[in-house]
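Peer 1: Structure in structure tokens, see below.
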Amino acid sequence: MTHDEALKELSRLAHERAFGGYVGSDTLHAYELYQQRLLDAAVAWLADAGTSVVVLSATLPAAIRTSLTEAWCKGNRVKAADNGALGPITVIDAQGRVNRTGPKEAAPSLWTAIDLQPAPRTEALAEEIVSRVEHGGVLAVLYPG
């Protein structure tokens with residue numbers, strides 16, 4: 001089932017108030033703009049129907065999170081009341097109370113090294129690649145060939 005088909009079905013079921021459980025949606029960051037507007041409407045309808053909504057995304061932009069929060073609160077006929085907490089997990093109850101939470105440990109330090117070198121012979125390039133990643137890591141080689 002495509003995202004569009006799923007959203008259409010969610011809209012139909014929410015309109016009929018057939019839910020009492022929860023609905024989940026994944027990879028929200030990959031939605032097109034028109035799909036996001038459909039999802040906003042579906043979230044509002046689901047909230048109005050008394051259904052819990054779970055949204056999963058590895059990289060949910062703040063604007064989409066805000067839009068979904070507003071849709072949820074609209075469906076519950078309340079205003080969002082954000083407590084100002086930080087974290088990657090956002091929980092909004094039917095009264096519009098917004099709470100963010102997440103892991104307490106610090107994020108790992110990440111770094112990227114870019115090393116531009118003249119193109120060596122093919123054998124030397126292969127040896128260099130193996131030596132750079134033999135103990136783990138990621139390496140990209142752009143080689144005109």
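Each chain in the structure tokens gets a letter, A, B and so on, in the order shown; residues start at 1 in every chain, and ligands are counted from 1 in the order they appear.
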Which residues, written as a list in words, have at least one atom at most 8 Å from range 76-78 of chain A, with only C-alpha atoms counted and residues fewer than 6 positions away on the same chain left out?

Peer 2: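 Residues near the query, excluding close chain neighbours: Ala44, Ala47, Asp48, Ala94, Gln95 and Gly96 of chain A.
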
Peer 1: Between CA of Thr101 in chain A and CA of Val43 in chain A, what is the distance in Å, rounded to a tenth?

Peer 2: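 We find that CA of Thr101 in chain A and CA of Val43 in chain A lie 21.3 Å from each other.
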